[in-house]
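To keep things clear, I will list the structure first and then write my remarks on it.
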Amino acid sequence: MNLRFLLAVTLSCVAALAQDVVPGRFIVELSGAPALGHRSPDLRRSEIAAQHRSLERLLQNRQFRVLARVDTVANALVVQAPDAASLAILPGVLRVVPVRALRPMLYRALVNHEVAPAWDLAGGIASAGAGMKVAILDTGITPSHPGFQPPEGFTAPEGFPKANSDANLALTNAKVIVARSFDSGSVQDRDGHGTAVAMCAAGVRHESPRGTLSGVAPAAWIGAYRVSNLADGLFYTDVVLQALDWAAKDGMDVINLSFGSVGAFGAENDTIFLNGLRRLLDNGVVVINSAGNTPGPSTVDDTASAEPVIAVGSNNSTPSASTAVVPSVGQPFSAAASSNVTSLDPMMAPMVDAETLGNARGCQPFEPGSLTGRFPLIERGDCFFYEKLANAATGGAVAAVIFNSASPSSGTPDDLITMSVEDNPTIPGLFIGNTDGQKLKTLIQTVEDLQVQLRFPNPSAKPNSVSSFSSRGPAMDLRIKPDLVATGNPVYTAAIPASSSTCDICDPSGYISVAGTSFSAPITAGAAAVLKAARPGLSLDNYRSLLINSAAPLKLSTGAVAPIMSAGAGILNLKNAVASTLAVSPVSLSFQSGSGTIDSQRPLTFKNLSSEPAEYQLSVESASDSKPVLDTTLLQLEPGAQQTVQLTFSSAGLAPGGYEGFVKAVQSSTSAETRIPYWYAVEGSPAGGIAVLRSTPANPLPGATLSVYVRIHDKAGLVLSQPTPVVNPVSGGGQVVSVVSGNRTYPNSWLIAYQTGPIAGPNVFTVRVGDESFNLQVTTGN
């Protein structure tokens with residue numbers, strides 16, 4: 001069995017601009033591309049240097065001061081000057097933007113999960129995770145990165161550092177206290193994934209290009225265990241097992257696993273691996289596992305679906321509801337902001353359809369002045385987002401709206417994409433779905449002088465969506481998974497300081513925005529380290545409950561709570577976890593699946609962890625009238641005492657579908673909430689989802705014969721083994737070869753063989769089961 005790390009496509013990356021403008025400091029972007037991505041980077045750098053020298057002479061004549069030069073990720077100068085206007089008129093200047101006080105997206109993650117208040121409760125940032133050892137099993141680490149340089153006075157524990165070779169020992173310090181690899185290579189990261197993950201969990205507080213950056217547990221030690229295969233980048237369970245073995249020998253307190261595979265067999269499939277994990281768990285080690293980046297029901301990674309492992313899904317960093325395109329006629333359209341803005345005042349102007357200007361997808365520069373005082377509506381496709389926005393800026397636009405294409409290369413037409421433009425500074429933009437884009441085009445045509453307001457994110461607003469890529473439950477044994485969610489889209493974190501063409505998570509700055517449950521997991525692992533350091537001596541079950549059952553409700557933009565099989569108990573709240581006095585076992589309750597008649601009982605054991613008597617009010621919260629009942633609504637617990645309560649679900653005539661909610665325990669004296677999710681599925685609902693278990697190659701050729709394994713689920717998330725899906729080509733000229741059972745490879749799956757069309761581009765196929773249909777898309781290249 002091999003495992004891939006869980007990293008979502010980083011088109012979904014958001015920068016974090018703050019509102020504070022630094023007076024008198026400006027970024028002056030010049031015409032001409034930077035060196036990065038150029039076919040001859042060294043030649044391009046020399047050309048840029050000559051261009052800079054020419055402009056610098058003019059700046060010096062005006063008594064303006066050049067503070068910095070940029071030639072790789074941007075062609076720009078940082079200049080100290082009295083105002084932007086005096087710079088904008090100079091020859092060769094493309095645009096001038098003020099320098100702002102910037103805050104990274106990991107900072108946003110800290111806000112989302114109330115990490116700073118938790119640090120205060122734990123004794124301050126210097127105590128956040130102190131004494132805890134966090135194992136990062138990944139692609140290695142870049143120990144020279146500023147995020148892993150121990151502050152003055154920071155020392156390794158007695159007997160450390162440890163390594164399995166002299167080369168690895170040379171990569172340790174007082175912060176990175178273990179460096180182990182399991183082949184002839186060193187623990188030095190060549191991919192960047194491990195570096196990014198380690199920073200999220202326990203990187204030290206330091207200054208990054210976007211301001212102060214910190215991991216969740218900056219005072220914890222890091223153990224770096226490279227388990228990736230240097231030849232193919234995969235993670236093999238035998239190597240992982242060796243790493244778990246050494247993590248135990250090294251006395252690790254928390255282990256993070258940001259890799260896995262799509263849920264297909266269940267946690268019990270690999271008994272040796274699972275038992276190894278259980279032995280760690282039995283010894284009090286908290287194990288955190290990414291839920292996975294495969295959309296669809298029952299896709300949570302098999303290891304993460306094990307009961308004692310904490311499976312972490314991903315929430316989007318910023319709320320979608322506060323970000324919108326609001327026309328003067330009709331309803332607002334939900335939007336996602338481009339990565340160069342996190343907070344910006346609303347803008348209002350007339351809107352023009354770029355198609356009417358002969359540039360529907362905005363891939364050519366707009367005529368100067370053609371967009372002055374107007375927002376263009378541009379279709380996704382054919383060029384990069386930053387090119388679309390830069391071309392709109394050439395036309396005089398101060399912002400633009402991009403709408404999704406009808407046949408996107410990934411996802412669905414109405415998915416919201418965070419446009420990654422941070423490496424190419426440009427104007428802000430909002431991204432909307434294809435349906436809303438078509439509605440907006442109609443409004444432009446039919447409403448005279450249509451005015452549109454662009455609403456950008458509110459930094460104080462709470463996240464209100466689960467990331468589209470985040471794997472969902474139930475587990476194959478119908479357990480509730482994921483256990484909770486944490487910020488995973490996007491996260492600004494450490495990278496290998498090298499050209500982005502060198503590796504997956506490389507950037508010349510040493511920092512990058514990334515997306516995936518790979519980063520939700522270490523944020524939670526760091527939270528576990530802070531919790532264990534702040535409250536030593538508790539059992540593993542206590543720590544798991546404090547992390548999971550103190551989670552805050554993830555409320556969607558509609559006001560509803562996110563489905564349990566998408567968000568588990570809710571969004572990580574470290575402040576609540578550190579402060580809570582109540583632990584519960586188990587952390588969630590699955591009544592499994594069955595008919596419309598149920599009469600089942602589940603025990604819940606509550607334990608008072610405080611040194612004072614406590615009283616708790618119990619209730620059941622659900623959007624459904626059909627819900628279980630408790631045998632008591634009041635708990636009175638002495639210090640350290642526990643009590644078992646019965647939750648009984650007894651009902652008849654239930655319609656097919658899912659029934660879910662929360663058992664709530666509210667402490668009478670503090671109003672602190674503990675929430676335990678429950679779930680039951682009535683069999684018989686129609687098809688409601690499709691999971692792709694093994695996808696096609698990343699870049700297939702036209703005319704290629706390919707195969708894909710899929711699994712069909714009903715609306716409650718249960719597997720549907722019948723009927724056989726009907727697959728037909730929709731666009732792209734592809735053909736279906738066969739649809740047969742895939743059970744020999746994946747239980748309850750279907751193997752679809754098909755041939756792509758003769759011309760490079762998207763190939764769309766529809767998969768129909770009963771009255772429901774789903775689209776599968778593969779894009780071919782030359």
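Here's how to read the names in the structure tokens: chain A, B, ... by the order shown, residue numbers from 1 in each chain, ligand numbers from 1 in the order shown.
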
Please list as an mmCIF file with N, CA, C and O atoms, in the first residue's frame every residue within 9 Å of region 608-623 of chain A, counting only C-alpha atoms and excluding residues in the same chain fewer than 2 positions away.
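Result written to out-v5.cif:
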data_model
loop_
_atom_site.group_PDB
_atom_site.id
_atom_site.type_symbol
_atom_site.label_atom_id
_atom_site.label_comp_id
_atom_site.auth_asym_id
_atom_site.auth_seq_id
_atom_site.Cartn_x
_atom_site.Cartn_y
_atom_site.Cartn_z
ATOM 1 N N LEU A 538 -3.584 14.301 31.986
ATOM 2 C CA LEU A 538 -4.880 13.748 31.587
ATOM 3 C C LEU A 538 -4.685 12.519 30.709
ATOM 4 O O LEU A 538 -3.597 12.268 30.183
ATOM 5 N N ASN A 542 -9.293 11.911 27.403
ATOM 6 C CA ASN A 542 -9.618 13.262 27.859
ATOM 7 C C ASN A 542 -9.132 14.308 26.861
ATOM 8 O O ASN A 542 -9.865 15.241 26.499
ATOM 9 N N ALA A 560 -27.412 27.428 8.773
ATOM 10 C CA ALA A 560 -27.447 26.038 9.231
ATOM 11 C C ALA A 560 -26.058 25.602 9.681
ATOM 12 O O ALA A 560 -25.044 26.162 9.248
ATOM 13 N N SER A 580 -12.010 24.104 28.927
ATOM 14 C CA SER A 580 -13.130 23.218 29.233
ATOM 15 C C SER A 580 -12.854 22.342 30.460
ATOM 16 O O SER A 580 -11.726 21.910 30.707
ATOM 17 N N THR A 581 -13.922 22.057 31.193
ATOM 18 C CA THR A 581 -13.807 21.206 32.386
ATOM 19 C C THR A 581 -14.449 19.834 32.183
ATOM 20 O O THR A 581 -14.457 19.026 33.109
ATOM 21 N N LEU A 582 -14.992 19.571 31.001
ATOM 22 C CA LEU A 582 -15.781 18.364 30.797
ATOM 23 C C LEU A 582 -15.216 17.527 29.655
ATOM 24 O O LEU A 582 -14.990 18.040 28.551
ATOM 25 N N ALA A 583 -14.983 16.254 29.918
ATOM 26 C CA ALA A 583 -14.579 15.309 28.883
ATOM 27 C C ALA A 583 -15.671 14.272 28.699
ATOM 28 O O ALA A 583 -16.379 13.918 29.652
ATOM 29 N N PHE A 606 -19.629 11.184 30.971
ATOM 30 C CA PHE A 606 -19.144 12.542 31.193
ATOM 31 C C PHE A 606 -18.243 12.552 32.429
ATOM 32 O O PHE A 606 -18.566 11.940 33.451
ATOM 33 N N ASP A 625 -37.265 16.837 13.674
ATOM 34 C CA ASP A 625 -38.152 16.543 14.804
ATOM 35 C C ASP A 625 -37.907 15.135 15.341
ATOM 36 O O ASP A 625 -38.213 14.856 16.507
ATOM 37 N N SER A 626 -37.391 14.255 14.500
ATOM 38 C CA SER A 626 -37.093 12.885 14.919
ATOM 39 C C SER A 626 -35.664 12.852 15.448
ATOM 40 O O SER A 626 -34.701 12.959 14.673
ATOM 41 N N LYS A 627 -35.536 12.722 16.744
ATOM 42 C CA LYS A 627 -34.205 12.761 17.353
ATOM 43 C C LYS A 627 -34.197 11.922 18.624
ATOM 44 O O LYS A 627 -35.247 11.640 19.220
ATOM 45 N N PRO A 628 -33.021 11.514 19.087
ATOM 46 C CA PRO A 628 -32.941 10.702 20.302
ATOM 47 C C PRO A 628 -33.213 11.547 21.548
ATOM 48 O O PRO A 628 -33.234 12.781 21.491
ATOM 49 N N VAL A 629 -33.412 10.840 22.665
ATOM 50 C CA VAL A 629 -33.667 11.517 23.941
ATOM 51 C C VAL A 629 -32.676 10.998 24.983
ATOM 52 O O VAL A 629 -32.166 9.876 24.911
ATOM 53 N N LEU A 630 -32.391 11.846 25.975
ATOM 54 C CA LEU A 630 -31.494 11.510 27.073
ATOM 55 C C LEU A 630 -32.293 11.029 28.273
ATOM 56 O O LEU A 630 -33.436 11.468 28.481
ATOM 57 N N THR A 632 -31.524 11.770 31.253
ATOM 58 C CA THR A 632 -31.473 12.840 32.245
ATOM 59 C C THR A 632 -31.083 14.127 31.539
ATOM 60 O O THR A 632 -30.419 14.082 30.489
ATOM 61 N N THR A 633 -31.472 15.233 32.083
ATOM 62 C CA THR A 633 -31.111 16.533 31.507
ATOM 63 C C THR A 633 -30.232 17.345 32.448
ATOM 64 O O THR A 633 -29.938 18.503 32.179
ATOM 65 N N LEU A 634 -29.816 16.745 33.556
ATOM 66 C CA LEU A 634 -28.984 17.459 34.526
ATOM 67 C C LEU A 634 -27.877 16.552 35.048
ATOM 68 O O LEU A 634 -28.119 15.418 35.462
ATOM 69 N N LEU A 635 -26.651 17.056 34.999
ATOM 70 C CA LEU A 635 -25.511 16.358 35.575
ATOM 71 C C LEU A 635 -24.930 17.188 36.709
ATOM 72 O O LEU A 635 -24.711 18.399 36.547
ATOM 73 N N GLN A 636 -24.672 16.566 37.827
ATOM 74 C CA GLN A 636 -23.993 17.222 38.943
ATOM 75 C C GLN A 636 -22.820 16.331 39.319
ATOM 76 O O GLN A 636 -22.991 15.225 39.841
ATOM 77 N N LEU A 637 -21.613 16.818 39.023
ATOM 78 C CA LEU A 637 -20.419 16.001 39.172
ATOM 79 C C LEU A 637 -19.441 16.614 40.158
ATOM 80 O O LEU A 637 -19.103 17.809 40.066
ATOM 81 N N GLU A 638 -18.974 15.806 41.078
ATOM 82 C CA GLU A 638 -17.915 16.223 41.977
ATOM 83 C C GLU A 638 -16.595 16.254 41.206
ATOM 84 O O GLU A 638 -16.474 15.667 40.123
ATOM 85 N N PRO A 639 -15.557 16.888 41.767
ATOM 86 C CA PRO A 639 -14.258 16.915 41.066
ATOM 87 C C PRO A 639 -13.756 15.507 40.751
ATOM 88 O O PRO A 639 -13.734 14.627 41.616
ATOM 89 N N GLY A 640 -13.415 15.280 39.491
ATOM 90 C CA GLY A 640 -12.903 13.994 39.061
ATOM 91 C C GLY A 640 -13.941 12.912 38.885
ATOM 92 O O GLY A 640 -13.611 11.806 38.443
ATOM 93 N N ALA A 641 -15.196 13.221 39.197
ATOM 94 C CA ALA A 641 -16.257 12.211 39.106
ATOM 95 C C ALA A 641 -16.760 12.092 37.684
ATOM 96 O O ALA A 641 -16.627 13.008 36.857
ATOM 97 N N GLN A 642 -17.345 10.956 37.381
ATOM 98 C CA GLN A 642 -17.929 10.742 36.067
ATOM 99 C C GLN A 642 -19.285 10.064 36.194
ATOM 100 O O GLN A 642 -19.589 9.428 37.204
ATOM 101 N N TYR A 659 -30.162 11.381 9.706
ATOM 102 C CA TYR A 659 -30.708 12.056 10.884
ATOM 103 C C TYR A 659 -29.533 12.346 11.811
ATOM 104 O O TYR A 659 -28.815 11.427 12.221
ATOM 105 N N GLU A 660 -29.330 13.591 12.128
ATOM 106 C CA GLU A 660 -28.140 13.971 12.872
ATOM 107 C C GLU A 660 -28.410 15.154 13.788
ATOM 108 O O GLU A 660 -29.410 15.852 13.664
ATOM 109 N N GLY A 661 -27.486 15.354 14.695
ATOM 110 C CA GLY A 661 -27.591 16.465 15.623
ATOM 111 C C GLY A 661 -26.482 16.377 16.659
ATOM 112 O O GLY A 661 -25.468 15.695 16.459
ATOM 113 N N PHE A 662 -26.700 17.061 17.788
ATOM 114 C CA PHE A 662 -25.682 17.126 18.828
ATOM 115 C C PHE A 662 -26.317 16.932 20.196
ATOM 116 O O PHE A 662 -27.413 17.449 20.463
ATOM 117 N N VAL A 663 -25.617 16.210 21.051
ATOM 118 C CA VAL A 663 -25.910 16.244 22.474
ATOM 119 C C VAL A 663 -25.096 17.409 23.039
ATOM 120 O O VAL A 663 -23.884 17.491 22.817
ATOM 121 N N LYS A 664 -25.757 18.313 23.736
ATOM 122 C CA LYS A 664 -25.085 19.486 24.286
ATOM 123 C C LYS A 664 -25.051 19.413 25.804
ATOM 124 O O LYS A 664 -26.063 19.102 26.443
ATOM 125 N N ALA A 665 -23.890 19.704 26.358
ATOM 126 C CA ALA A 665 -23.747 19.834 27.811
ATOM 127 C C ALA A 665 -23.263 21.245 28.086
ATOM 128 O O ALA A 665 -22.174 21.634 27.628
ATOM 129 N N VAL A 666 -24.075 22.031 28.788
ATOM 130 C CA VAL A 666 -23.752 23.427 29.067
ATOM 131 C C VAL A 666 -23.479 23.577 30.555
ATOM 132 O O VAL A 666 -24.351 23.285 31.386
ATOM 133 N N GLN A 667 -22.267 24.027 30.892
ATOM 134 C CA GLN A 667 -21.931 24.212 32.302
ATOM 135 C C GLN A 667 -22.726 25.388 32.867
ATOM 136 O O GLN A 667 -22.717 26.488 32.305
ATOM 137 N N SER A 668 -23.413 25.152 33.954
ATOM 138 C CA SER A 668 -24.335 26.153 34.507
ATOM 139 C C SER A 668 -23.627 27.437 34.912
ATOM 140 O O SER A 668 -24.149 28.536 34.713
ATOM 141 N N SER A 669 -22.427 27.344 35.462
ATOM 142 C CA SER A 669 -21.747 28.519 36.002
ATOM 143 C C SER A 669 -21.033 29.351 34.951
ATOM 144 O O SER A 669 -20.820 30.551 35.136
ATOM 145 N N SER A 671 -21.541 28.718 31.228
ATOM 146 C CA SER A 671 -22.210 28.582 29.914
ATOM 147 C C SER A 671 -21.305 27.941 28.863
ATOM 148 O O SER A 671 -21.624 27.981 27.666
#

To test your reading of the structure, identify every residue in region 555-631 of chain A that backbone DSSP assigns to alpha helix (DSSP H), and report it as an MDAnalysis selection string. chainID A and resid 564:567 574:579

Grab the residues selected above and save them as a PDB file, in the first residue's frame with N, CA, C and O atoms.
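Printed below is again.pdb as written:
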ATOM      1  N   ILE A 564     -22.636  16.916   9.799  1.00  0.00           N
ATOM      2  CA  ILE A 564     -21.695  16.231  10.679  1.00  0.00           C
ATOM      3  C   ILE A 564     -20.687  15.417   9.888  1.00  0.00           C
ATOM      4  O   ILE A 564     -19.512  15.341  10.256  1.00  0.00           O
ATOM      5  N   MET A 565     -21.109  14.794   8.796  1.00  0.00           N
ATOM      6  CA  MET A 565     -20.176  13.993   8.025  1.00  0.00           C
ATOM      7  C   MET A 565     -19.245  14.847   7.163  1.00  0.00           C
ATOM      8  O   MET A 565     -18.379  14.322   6.460  1.00  0.00           O
ATOM      9  N   SER A 566     -19.392  16.158   7.213  1.00  0.00           N
ATOM     10  CA  SER A 566     -18.456  17.071   6.560  1.00  0.00           C
ATOM     11  C   SER A 566     -17.548  17.754   7.563  1.00  0.00           C
ATOM     12  O   SER A 566     -16.366  17.968   7.299  1.00  0.00           O
ATOM     13  N   ALA A 567     -18.097  18.104   8.740  1.00  0.00           N
ATOM     14  CA  ALA A 567     -17.350  18.912   9.706  1.00  0.00           C
ATOM     15  C   ALA A 567     -17.208  18.273  11.073  1.00  0.00           C
ATOM     16  O   ALA A 567     -16.597  18.869  11.963  1.00  0.00           O
ATOM     17  N   LEU A 574      -9.214  26.257  20.185  1.00  0.00           N
ATOM     18  CA  LEU A 574      -8.213  25.909  21.189  1.00  0.00           C
ATOM     19  C   LEU A 574      -8.484  26.582  22.526  1.00  0.00           C
ATOM     20  O   LEU A 574      -8.216  25.993  23.584  1.00  0.00           O
ATOM     21  N   LYS A 575      -9.019  27.780  22.502  1.00  0.00           N
ATOM     22  CA  LYS A 575      -9.356  28.449  23.759  1.00  0.00           C
ATOM     23  C   LYS A 575     -10.356  27.603  24.546  1.00  0.00           C
ATOM     24  O   LYS A 575     -10.192  27.384  25.761  1.00  0.00           O
ATOM     25  N   ASN A 576     -11.393  27.125  23.875  1.00  0.00           N
ATOM     26  CA  ASN A 576     -12.388  26.279  24.546  1.00  0.00           C
ATOM     27  C   ASN A 576     -11.747  25.000  25.072  1.00  0.00           C
ATOM     28  O   ASN A 576     -12.063  24.537  26.175  1.00  0.00           O
ATOM     29  N   ALA A 577     -10.845  24.411  24.275  1.00  0.00           N
ATOM     30  CA  ALA A 577     -10.228  23.146  24.673  1.00  0.00           C
ATOM     31  C   ALA A 577      -9.394  23.309  25.938  1.00  0.00           C
ATOM     32  O   ALA A 577      -9.426  22.456  26.834  1.00  0.00           O
ATOM     33  N   VAL A 578      -8.639  24.399  26.014  1.00  0.00           N
ATOM     34  CA  VAL A 578      -7.794  24.625  27.188  1.00  0.00           C
ATOM     35  C   VAL A 578      -8.641  24.939  28.422  1.00  0.00           C
ATOM     36  O   VAL A 578      -8.292  24.558  29.540  1.00  0.00           O
ATOM     37  N   ALA A 579      -9.775  25.611  28.209  1.00  0.00           N
ATOM     38  CA  ALA A 579     -10.583  26.060  29.347  1.00  0.00           C
ATOM     39  C   ALA A 579     -11.634  25.052  29.793  1.00  0.00           C
ATOM     40  O   ALA A 579     -12.112  25.122  30.933  1.00  0.00           O
TER      41      ALA A 579
END

Would you please extract all strand (DSSP E or B) residues from region 185-331 of chain A, as assigned by DSSP on the backbone, and give them as a ChimeraX atom specification? /A:188,206-208,211-213,221-226,228,235-236,254-257,259-260,286-290,310-316,324-327

Prev. selection, N, CA and C atoms, output as a compact mmCIF listing (two decimals), in the first residue's frame:
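Dumped everything to part_23.txt:
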# COMPACT_ATOMS: atom_id res chain seq x y z
N GLN A 188 16.78 16.27 5.03
CA GLN A 188 16.65 17.57 4.36
C GLN A 188 15.49 17.51 3.36
N HIS A 206 8.25 34.42 14.19
CA HIS A 206 9.29 35.17 13.51
C HIS A 206 8.66 36.06 12.45
N GLU A 207 9.49 36.88 11.83
CA GLU A 207 8.99 37.79 10.80
C GLU A 207 9.10 37.14 9.43
N SER A 208 8.01 37.20 8.68
CA SER A 208 7.97 36.69 7.31
C SER A 208 7.76 37.88 6.38
N GLY A 211 4.66 39.73 7.54
CA GLY A 211 4.46 40.04 8.95
C GLY A 211 4.81 38.87 9.84
N THR A 212 4.36 38.96 11.09
CA THR A 212 4.71 37.95 12.09
C THR A 212 4.01 36.64 11.79
N LEU A 213 4.78 35.55 11.82
CA LEU A 213 4.27 34.22 11.53
C LEU A 213 4.61 33.31 12.70
N TRP A 221 8.97 21.24 20.81
CA TRP A 221 10.06 20.71 20.01
C TRP A 221 9.51 19.93 18.82
N ILE A 222 10.33 19.83 17.78
CA ILE A 222 9.92 19.14 16.55
C ILE A 222 10.80 17.93 16.33
N GLY A 223 10.17 16.81 16.02
CA GLY A 223 10.89 15.63 15.55
C GLY A 223 10.58 15.44 14.08
N ALA A 224 11.60 15.47 13.25
CA ALA A 224 11.40 15.36 11.80
C ALA A 224 11.73 13.95 11.35
N TYR A 225 10.76 13.27 10.79
CA TYR A 225 10.92 11.90 10.32
C TYR A 225 10.54 11.87 8.83
N ARG A 226 11.56 11.76 7.98
CA ARG A 226 11.23 11.74 6.55
C ARG A 226 10.79 10.34 6.17
N SER A 228 8.91 9.95 3.18
CA SER A 228 8.62 9.97 1.74
C SER A 228 9.72 9.26 0.97
N PHE A 235 4.45 7.69 0.12
CA PHE A 235 4.69 7.28 1.49
C PHE A 235 4.26 5.81 1.60
N TYR A 236 5.19 4.96 1.96
CA TYR A 236 4.90 3.53 2.06
C TYR A 236 4.72 3.16 3.53
N VAL A 254 2.96 14.05 20.44
CA VAL A 254 1.94 14.24 19.40
C VAL A 254 2.56 13.80 18.08
N ILE A 255 1.79 13.10 17.27
CA ILE A 255 2.27 12.67 15.96
C ILE A 255 1.31 13.21 14.90
N ASN A 256 1.87 13.82 13.88
CA ASN A 256 1.07 14.34 12.78
C ASN A 256 1.32 13.53 11.51
N LEU A 257 0.23 13.10 10.88
CA LEU A 257 0.27 12.37 9.61
C LEU A 257 -0.52 13.16 8.57
N PHE A 259 -0.77 12.67 5.32
CA PHE A 259 -0.78 11.87 4.10
C PHE A 259 -1.78 10.74 4.29
N GLY A 260 -2.09 10.06 3.22
CA GLY A 260 -3.06 8.98 3.31
C GLY A 260 -3.55 8.57 1.94
N VAL A 286 -1.01 11.49 21.21
CA VAL A 286 -2.12 11.98 20.38
C VAL A 286 -1.71 11.88 18.92
N VAL A 287 -2.52 11.18 18.13
CA VAL A 287 -2.23 11.01 16.70
C VAL A 287 -3.27 11.78 15.89
N ILE A 288 -2.77 12.67 15.06
CA ILE A 288 -3.61 13.51 14.20
C ILE A 288 -3.38 13.09 12.75
N ASN A 289 -4.46 12.94 12.00
CA ASN A 289 -4.36 12.50 10.60
C ASN A 289 -5.24 13.38 9.71
N SER A 290 -4.69 13.81 8.60
CA SER A 290 -5.50 14.53 7.61
C SER A 290 -6.67 13.66 7.18
N ILE A 310 -7.46 11.18 15.52
CA ILE A 310 -8.25 12.40 15.28
C ILE A 310 -8.13 12.76 13.80
N ALA A 311 -9.25 12.64 13.08
CA ALA A 311 -9.30 12.96 11.65
C ALA A 311 -9.74 14.41 11.48
N VAL A 312 -8.96 15.17 10.72
CA VAL A 312 -9.21 16.61 10.59
C VAL A 312 -9.52 16.97 9.15
N GLY A 313 -10.70 17.53 8.94
CA GLY A 313 -11.08 18.08 7.65
C GLY A 313 -10.67 19.54 7.55
N SER A 314 -11.04 20.18 6.46
CA SER A 314 -10.61 21.56 6.20
C SER A 314 -11.80 22.50 6.08
N ASN A 315 -11.70 23.61 6.80
CA ASN A 315 -12.62 24.73 6.56
C ASN A 315 -11.89 25.81 5.78
N ASN A 316 -12.64 26.58 5.01
CA ASN A 316 -12.05 27.72 4.31
C ASN A 316 -11.73 28.82 5.30
N ALA A 324 -19.00 39.10 -1.69
CA ALA A 324 -20.09 38.95 -2.66
C ALA A 324 -20.01 40.01 -3.74
N VAL A 325 -20.64 39.69 -4.87
CA VAL A 325 -20.88 40.65 -5.94
C VAL A 325 -22.36 41.03 -5.84
N VAL A 326 -22.63 42.31 -5.61
CA VAL A 326 -24.00 42.75 -5.31
C VAL A 326 -24.47 43.71 -6.41
N PRO A 327 -25.29 43.22 -7.34
CA PRO A 327 -25.80 44.11 -8.39
C PRO A 327 -26.89 45.02 -7.84
